[in-house]
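Next up, query.txt (compact mmCIF, C-alpha atoms):
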```txt
# COMPACT_ATOMS: atom_id res chain seq x y z
CA MET A 1 -7.63 -11.46 -14.40
CA ILE A 2 -5.98 -8.02 -14.45
CA GLU A 3 -9.30 -6.21 -13.81
CA PHE A 4 -9.93 -8.40 -10.77
CA SER A 5 -6.40 -7.74 -9.51
CA LEU A 6 -6.79 -3.98 -9.96
CA LEU A 7 -10.04 -4.03 -8.02
CA THR A 8 -8.44 -6.11 -5.28
CA ALA A 9 -5.49 -3.70 -5.03
CA LEU A 10 -7.80 -0.68 -4.96
CA LEU A 11 -9.91 -2.15 -2.16
CA ALA A 12 -6.81 -3.32 -0.26
CA GLY A 13 -5.59 0.28 -0.25
CA LEU A 14 -8.99 1.65 0.71
CA LEU A 15 -9.78 -0.89 3.42
CA GLY A 16 -6.17 -0.91 4.62
CA GLY A 17 -6.81 2.50 6.17
CA VAL A 18 -7.11 0.77 9.53
CA HIS A 19 -3.38 0.05 9.18
CA CYS A 20 -2.45 3.42 7.65
CA VAL A 21 -3.82 5.36 10.61
CA GLY A 22 -1.32 3.73 12.96
CA MET A 23 1.55 3.36 10.50
CA CYS A 24 1.63 6.80 8.88
CA GLY A 25 -0.09 8.98 11.45
CA GLY A 26 3.20 10.33 12.80
CA ILE A 27 4.49 11.22 9.33
CA VAL A 28 1.27 12.96 8.35
CA ALA A 29 1.50 14.96 11.59
CA ALA A 30 5.11 15.89 10.76
CA PHE A 31 4.00 17.11 7.33
CA SER A 32 1.41 19.31 8.97
CA PHE A 33 4.12 21.27 10.81
CA ARG A 34 5.50 23.04 7.75
CA ALA A 35 7.11 26.47 7.69
CA ASP A 36 5.17 27.88 4.73
CA GLY A 37 1.57 28.56 5.68
CA SER A 38 0.70 30.33 2.40
CA THR A 39 -0.19 27.12 0.53
CA PRO A 40 -3.61 25.61 1.31
CA PRO A 41 -3.30 22.43 3.44
CA PHE A 42 -5.22 20.32 0.91
CA ARG A 43 -2.76 21.15 -1.90
CA MET A 44 0.20 20.33 0.32
CA HIS A 45 -1.20 16.97 1.41
CA LEU A 46 -2.17 16.18 -2.18
CA ALA A 47 1.45 16.83 -3.23
CA TYR A 48 2.77 14.58 -0.45
CA ASN A 49 0.52 11.76 -1.59
CA LEU A 50 1.34 12.30 -5.26
CA GLY A 51 4.99 11.65 -4.41
CA ARG A 52 4.13 8.63 -2.27
CA VAL A 53 1.97 7.01 -4.96
CA SER A 54 4.68 7.73 -7.56
CA SER A 55 7.10 5.63 -5.50
CA TYR A 56 4.53 2.83 -5.33
CA VAL A 57 4.13 2.89 -9.12
CA LEU A 58 7.90 2.64 -9.52
CA PHE A 59 8.02 -0.34 -7.15
CA GLY A 60 5.19 -1.99 -9.06
CA ALA A 61 6.91 -1.52 -12.41
CA LEU A 62 10.12 -3.08 -11.09
CA ALA A 63 8.26 -6.01 -9.53
CA GLY A 64 6.21 -6.55 -12.68
CA ALA A 65 9.35 -6.45 -14.83
CA LEU A 66 10.92 -9.12 -12.63
CA GLY A 67 7.82 -11.27 -13.04
CA ALA A 68 7.96 -10.76 -16.81
CA THR A 69 11.59 -11.88 -16.83
CA LEU A 70 10.63 -15.12 -15.11
CA LYS A 71 7.85 -15.65 -17.66
CA LEU A 72 10.12 -15.00 -20.66
CA ALA A 73 12.66 -17.40 -19.21
CA GLY A 74 10.06 -20.12 -19.49
CA PHE A 75 9.28 -20.43 -15.78
CA MET A 76 5.50 -20.71 -16.18
CA PRO A 77 5.12 -22.88 -13.04
CA VAL A 78 6.86 -20.05 -11.18
CA GLN A 79 4.35 -17.57 -12.62
CA THR A 80 1.47 -19.70 -11.36
CA ALA A 81 3.18 -20.12 -8.01
CA LEU A 82 3.53 -16.33 -7.73
CA PHE A 83 -0.20 -15.91 -8.35
CA VAL A 84 -0.99 -18.45 -5.64
CA LEU A 85 1.46 -16.73 -3.29
CA ALA A 86 -0.14 -13.37 -4.02
CA GLN A 87 -3.58 -14.68 -3.06
CA LEU A 88 -2.25 -16.32 0.12
CA VAL A 89 -0.51 -13.09 1.09
CA MET A 90 -3.75 -11.19 0.47
CA ILE A 91 -5.61 -13.59 2.80
CA LEU A 92 -2.97 -13.17 5.51
CA LEU A 93 -3.03 -9.40 5.01
CA GLY A 94 -6.78 -9.37 5.51
CA LEU A 95 -6.46 -11.42 8.69
CA TYR A 96 -3.84 -8.95 9.91
CA LEU A 97 -6.10 -5.97 9.22
CA ALA A 98 -8.88 -7.77 11.07
CA GLY A 99 -6.59 -8.16 14.08
CA PHE A 100 -6.15 -11.94 13.93
CA ASN A 101 -2.36 -12.06 13.37
CA GLN A 102 0.77 -9.89 13.26
CA TRP A 103 2.63 -11.50 10.35
CA VAL A 104 2.85 -8.22 8.36
CA LEU A 105 5.28 -6.90 10.96
CA VAL A 106 7.86 -9.39 9.65
CA PHE A 107 7.85 -7.59 6.28
CA GLU A 108 8.11 -4.22 7.99
CA ARG A 109 11.15 -5.26 10.00
CA ALA A 110 12.81 -6.58 6.84
CA GLY A 111 12.41 -3.17 5.18
CA GLY A 112 13.78 -1.30 8.18
CA ALA A 113 17.40 -1.40 6.95
CA LEU A 114 16.50 0.29 3.68
CA TRP A 115 14.41 2.93 5.47
CA LYS A 116 17.40 3.85 7.64
CA LYS A 117 19.20 4.95 4.47
CA VAL A 118 16.25 6.93 3.12
CA LYS A 119 15.22 8.51 6.43
CA PRO A 120 18.08 11.12 6.57
CA LEU A 121 17.02 12.41 3.13
CA PHE A 122 13.43 12.50 4.28
CA GLN A 123 14.34 14.50 7.38
CA LYS A 124 16.31 17.03 5.32
CA LEU A 125 13.14 17.83 3.38
CA LEU A 126 11.34 18.90 6.57
CA PRO A 127 9.86 21.38 7.19
CA VAL A 128 8.36 21.49 3.70
CA LYS A 129 8.21 24.97 2.16
CA SER A 130 6.96 24.38 -1.40
CA LEU A 131 4.83 22.02 -3.48
CA PRO A 132 7.82 20.50 -5.38
CA GLN A 133 9.52 19.86 -2.03
CA ALA A 134 6.30 18.25 -0.81
CA VAL A 135 6.33 15.86 -3.78
CA LEU A 136 9.94 14.88 -3.03
CA ALA A 137 9.11 14.35 0.64
CA GLY A 138 6.17 12.19 -0.43
CA MET A 139 8.42 10.08 -2.66
CA ALA A 140 10.72 9.47 0.32
CA TRP A 141 7.65 8.64 2.42
CA GLY A 142 6.81 5.90 -0.09
CA TRP A 143 9.95 4.04 1.04
CA LEU A 144 8.66 3.67 4.60
CA PRO A 145 8.66 -0.07 5.43
CA CYS A 146 5.00 -1.04 5.29
CA GLY A 147 3.67 -4.59 5.34
CA LEU A 148 0.55 -3.48 3.50
CA VAL A 149 2.62 -2.12 0.59
CA TYR A 150 4.90 -5.17 0.52
CA SER A 151 1.91 -7.50 0.49
CA VAL A 152 0.40 -5.86 -2.60
CA LEU A 153 3.85 -5.84 -4.25
CA VAL A 154 3.67 -9.64 -4.29
CA SER A 155 0.62 -9.28 -6.54
CA ALA A 156 2.57 -6.81 -8.72
CA LEU A 157 5.30 -9.45 -9.07
CA ALA A 158 2.70 -11.92 -10.26
CA ALA A 159 1.20 -9.40 -12.71
CA GLY A 160 3.65 -10.53 -15.39
CA SER A 161 4.70 -7.16 -16.89
CA ALA A 162 6.10 -3.81 -15.81
CA THR A 163 2.98 -2.03 -17.07
CA SER A 164 0.59 -4.33 -15.20
CA GLY A 165 2.69 -4.14 -12.03
CA ALA A 166 2.73 -0.33 -12.19
CA ALA A 167 -1.02 -0.21 -12.83
CA LEU A 168 -1.71 -2.51 -9.89
CA MET A 169 0.34 -0.38 -7.49
CA LEU A 170 -1.30 2.77 -8.89
CA ALA A 171 -4.70 1.27 -8.08
CA PHE A 172 -3.49 0.44 -4.58
CA GLY A 173 -2.07 3.93 -4.10
CA LEU A 174 -5.32 5.55 -5.24
CA GLY A 175 -7.16 3.35 -2.77
CA THR A 176 -5.07 4.73 0.09
CA LEU A 177 -5.73 8.38 -0.83
CA PRO A 178 -9.09 8.86 0.95
CA ASN A 179 -7.69 7.63 4.26
CA LEU A 180 -4.33 9.42 4.14
CA LEU A 181 -5.74 12.67 2.76
CA GLY A 182 -8.49 12.49 5.33
CA MET A 183 -5.93 11.80 8.05
CA GLY A 184 -4.01 14.90 7.09
CA LEU A 185 -7.08 17.12 7.12
CA PHE A 186 -9.44 15.47 9.63
CA ALA A 187 -7.19 13.31 11.80
CA ARG A 188 -9.10 13.86 15.05
CA GLN A 189 -12.42 12.86 13.50
CA LEU A 190 -11.13 9.96 11.40
CA GLN A 191 -8.84 8.08 13.78
CA PRO A 192 -11.46 7.02 16.41
CA PHE A 193 -13.72 5.63 13.67
CA MET A 194 -10.95 3.66 11.93
CA GLN A 195 -9.85 2.09 15.22
CA GLN A 196 -13.25 0.59 16.04
CA LEU A 197 -13.11 -3.21 16.17
CA TRP A 198 -16.02 -3.77 13.78
CA VAL A 199 -14.41 -1.50 11.17
CA ARG A 200 -11.12 -3.42 11.39
CA ARG A 201 -12.87 -6.79 11.18
CA ALA A 202 -15.07 -5.81 8.23
CA ALA A 203 -12.16 -4.30 6.28
CA GLY A 204 -9.79 -7.18 6.97
CA LEU A 205 -12.23 -9.97 6.18
CA THR A 206 -13.19 -8.25 2.92
CA VAL A 207 -9.54 -8.14 1.81
CA ALA A 208 -9.07 -11.79 2.85
CA GLY A 209 -12.20 -12.68 0.90
CA PHE A 210 -10.70 -11.31 -2.30
CA GLY A 211 -7.61 -13.48 -1.81
CA ALA A 212 -9.78 -16.55 -1.24
CA TRP A 213 -11.84 -15.71 -4.33
CA GLY A 214 -8.65 -15.51 -6.41
CA LEU A 215 -7.61 -19.00 -5.28
CA LEU A 216 -11.05 -20.42 -5.99
CA THR A 217 -11.01 -18.87 -9.46
CA LEU A 218 -7.63 -20.48 -10.19
CA ILE A 219 -8.84 -23.87 -8.95
CA HIS A 220 -11.99 -23.62 -11.04
CA SER A 221 -9.94 -22.73 -14.11
CA ALA A 222 -7.61 -25.70 -13.53
CA VAL A 223 -10.54 -28.12 -13.15
CA SER A 224 -12.36 -26.75 -16.21
CA ASN A 225 -9.23 -26.83 -18.39
CA PRO A 226 -7.14 -29.81 -17.24
```
What would you get if you wrote out this structure as structure tokens?
Amino acid sequence: MIEFSLLTALLAGLLGGVHCVGMCGGIVAAFSFRADGSTPPFRMHLAYNLGRVSSYVLFGALAGALGATLKLAGFMPVQTALFVLAQLVMILLGLYLAGFNQWVLVFERAGGALWKKVKPLFQKLLPVKSLPQAVLAGMAWGWLPCGLVYSVLVSALAAGSATSGAALMLAFGLGTLPNLLGMGLFARQLQPFMQQLWVRRAAGLTVAGFGAWGLLTLIHSAVSNP
């Protein structure tokens, strides 16, 4: 099922751009106001996102390691429960992206306390004057409380190993690149399109569909192998 999970994470990141525009737009704008204008904008934004995705991979490895610990401890029902939870969270995430609920905001509020500790470090890195500094700023950016990230982390927890969890979050991070790179370079053109209702509904329902498909696959497996 790991290939299916990787595809789901990739598409969640890609289609989650409707959330990223509102969540990270201010940070991307702050990155754009850097002191050093000698480095091409694309390279700077690529460095920011490299740092951000690196943080996601670290989170995924830690979550996957925790899931592996539960598995080694003999908690197989817990492992199955985590998979079910991951699919339910994916369905709710899709409904949020489609504009049908606001449950993701609960996750974001929960992560607010941690962000308060990281934010001063993040602010010290601005304005960014070099590519290494941009990577560090991007790594701090990755700690921004985001319901979309937390939702996919549940799937990383269910992945069952540090490697699988890291790979899943890498796939998710790569999925977010087109939107966040595009936002940094073409914000004025991209934002109106991403905010259209039909775009939000199509993206959200697609993500929810993957969660539903995961549950149906599990049910079919249980019926076929009682």
Query raised in the report: Excluding same-chain residues fewer than 6 positions from A:Lys119, what lies within 9 Å of it counting only C-alpha atoms, as a list in words?
Result: Ala140, Trp141, Trp143 and Leu144 of chain A
Requested in this report: In the coordinates of the file, take the point (-5.6, -1.8, -8.3) and a cut-off of 9 Å; then, counting only C-alpha atoms, name each qualifying protein, DNA or RNA residue as a ChimeraX atom specification.
Outcome: /A:2-13,167-175
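Applying the 9 Å criterion to (-0.6, -11.4, -7.6) in file coordinates and using all atoms listed in the file, one obtains the residues Ser5, Leu82, Phe83, Val84, Leu85, Ala86, Gln87, Val89, Met90, Val152, Leu153, Val154, Ser155, Ala156, Leu157, Ala158, Ala159 and Gly160 of chain A.
Distances here use all atoms listed in the file; by that measure, the residue among A:Pro145, A:Leu15, A:Ala202, A:Gly138 closest to A:Lys117 is A:Pro145.
Between A:Ser54 and the residues A:Ser161, A:Arg201, A:Phe210, A:Leu136, the shortest atom-to-atom distance, using only C-alpha atoms, involves A:Leu136.
The space between atom CA of A:Leu125 and atom CA of A:Tyr56 spans 19.4 Å.
Between atom CA of A:Ser224 and atom CA of A:Gly209 the interatomic distance comes to 22.2 Å.
Taking atom CA of A:Ala81 and atom CA of A:Ala98 as the two end points, the separation is 25.7 Å.
The smallest atom-to-atom distance between A:Trp198 and any of A:Gly67, A:Gly60, A:Gly99, A:Gly111, using all atoms listed in the file, is found for A:Gly99.
Counting all atoms listed in the file, the residue from A:Phe122, A:Phe59, A:Phe31, A:Trp103 that sits nearest to A:Ile91 is A:Trp103.
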**Report entry** Near-A:Leu93 list (8 Å; all atoms listed in the file; drop same-chain fewer than 2 positions) as a ChimeraX atom specification
**Finding:** /A:89-91,95-97,104,148,151,204,207-208
Keeping only C-alpha atoms, take the residues you just selected and write them out as a PDB file, in the frame of the given file.
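Result file selection22.pdb:
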```pdb
ATOM      1  CA  VAL A  89      -0.510 -13.090   1.090  1.00  0.00           C
ATOM      2  CA  MET A  90      -3.750 -11.190   0.470  1.00  0.00           C
ATOM      3  CA  ILE A  91      -5.610 -13.590   2.800  1.00  0.00           C
ATOM      4  CA  LEU A  95      -6.460 -11.420   8.690  1.00  0.00           C
ATOM      5  CA  TYR A  96      -3.840  -8.950   9.910  1.00  0.00           C
ATOM      6  CA  LEU A  97      -6.100  -5.970   9.220  1.00  0.00           C
ATOM      7  CA  VAL A 104       2.850  -8.220   8.360  1.00  0.00           C
ATOM      8  CA  LEU A 148       0.550  -3.480   3.500  1.00  0.00           C
ATOM      9  CA  SER A 151       1.910  -7.500   0.490  1.00  0.00           C
ATOM     10  CA  GLY A 204      -9.790  -7.180   6.970  1.00  0.00           C
ATOM     11  CA  VAL A 207      -9.540  -8.140   1.810  1.00  0.00           C
ATOM     12  CA  ALA A 208      -9.070 -11.790   2.850  1.00  0.00           C
TER      13      ALA A 208
END
```
Quick one: stretch 91-103 of chain A with N, CA, C and O atoms, as a PDB file, in the coordinates of the input?
```pdb
ATOM      1  N   ILE A  91      -4.802 -13.022   1.712  1.00  0.00           N
ATOM      2  CA  ILE A  91      -5.610 -13.590   2.800  1.00  0.00           C
ATOM      3  C   ILE A  91      -4.976 -13.270   4.154  1.00  0.00           C
ATOM      4  O   ILE A  91      -5.663 -12.817   5.089  1.00  0.00           O
ATOM      5  N   LEU A  92      -3.664 -13.465   4.263  1.00  0.00           N
ATOM      6  CA  LEU A  92      -2.970 -13.170   5.510  1.00  0.00           C
ATOM      7  C   LEU A  92      -3.018 -11.679   5.840  1.00  0.00           C
ATOM      8  O   LEU A  92      -3.136 -11.296   7.004  1.00  0.00           O
ATOM      9  N   LEU A  93      -2.933 -10.841   4.800  1.00  0.00           N
ATOM     10  CA  LEU A  93      -3.030  -9.400   5.010  1.00  0.00           C
ATOM     11  C   LEU A  93      -4.399  -9.039   5.580  1.00  0.00           C
ATOM     12  O   LEU A  93      -4.512  -8.233   6.518  1.00  0.00           O
ATOM     13  N   GLY A  94      -5.438  -9.642   5.012  1.00  0.00           N
ATOM     14  CA  GLY A  94      -6.780  -9.370   5.510  1.00  0.00           C
ATOM     15  C   GLY A  94      -6.944  -9.793   6.958  1.00  0.00           C
ATOM     16  O   GLY A  94      -7.543  -9.076   7.763  1.00  0.00           O
ATOM     17  N   LEU A  95      -6.392 -10.955   7.303  1.00  0.00           N
ATOM     18  CA  LEU A  95      -6.460 -11.420   8.690  1.00  0.00           C
ATOM     19  C   LEU A  95      -5.690 -10.496   9.626  1.00  0.00           C
ATOM     20  O   LEU A  95      -6.086 -10.284  10.775  1.00  0.00           O
ATOM     21  N   TYR A  96      -4.585  -9.923   9.100  1.00  0.00           N
ATOM     22  CA  TYR A  96      -3.840  -8.950   9.910  1.00  0.00           C
ATOM     23  C   TYR A  96      -4.671  -7.692  10.143  1.00  0.00           C
ATOM     24  O   TYR A  96      -4.759  -7.186  11.280  1.00  0.00           O
ATOM     25  N   LEU A  97      -5.282  -7.180   9.088  1.00  0.00           N
ATOM     26  CA  LEU A  97      -6.100  -5.970   9.220  1.00  0.00           C
ATOM     27  C   LEU A  97      -7.261  -6.203  10.180  1.00  0.00           C
ATOM     28  O   LEU A  97      -7.682  -5.279  10.887  1.00  0.00           O
ATOM     29  N   ALA A  98      -7.768  -7.444  10.187  1.00  0.00           N
ATOM     30  CA  ALA A  98      -8.880  -7.770  11.070  1.00  0.00           C
ATOM     31  C   ALA A  98      -8.431  -7.984  12.515  1.00  0.00           C
ATOM     32  O   ALA A  98      -9.253  -8.125  13.415  1.00  0.00           O
ATOM     33  N   GLY A  99      -7.112  -8.023  12.731  1.00  0.00           N
ATOM     34  CA  GLY A  99      -6.590  -8.160  14.080  1.00  0.00           C
ATOM     35  C   GLY A  99      -6.369  -9.588  14.528  1.00  0.00           C
ATOM     36  O   GLY A  99      -6.216  -9.855  15.720  1.00  0.00           O
ATOM     37  N   PHE A 100      -6.291 -10.541  13.569  1.00  0.00           N
ATOM     38  CA  PHE A 100      -6.150 -11.940  13.930  1.00  0.00           C
ATOM     39  C   PHE A 100      -4.705 -12.441  13.914  1.00  0.00           C
ATOM     40  O   PHE A 100      -4.435 -13.556  14.341  1.00  0.00           O
ATOM     41  N   ASN A 101      -3.769 -11.671  13.349  1.00  0.00           N
ATOM     42  CA  ASN A 101      -2.360 -12.060  13.370  1.00  0.00           C
ATOM     43  C   ASN A 101      -1.491 -10.820  13.199  1.00  0.00           C
ATOM     44  O   ASN A 101      -1.993  -9.736  12.925  1.00  0.00           O
ATOM     45  N   GLN A 102      -0.182 -10.991  13.358  1.00  0.00           N
ATOM     46  CA  GLN A 102       0.770  -9.890  13.260  1.00  0.00           C
ATOM     47  C   GLN A 102       1.857 -10.175  12.227  1.00  0.00           C
ATOM     48  O   GLN A 102       2.942  -9.603  12.286  1.00  0.00           O
ATOM     49  N   TRP A 103       1.596 -11.043  11.260  1.00  0.00           N
ATOM     50  CA  TRP A 103       2.630 -11.500  10.350  1.00  0.00           C
ATOM     51  C   TRP A 103       3.192 -10.370   9.490  1.00  0.00           C
ATOM     52  O   TRP A 103       4.353 -10.414   9.081  1.00  0.00           O
TER      53      TRP A 103
END
```
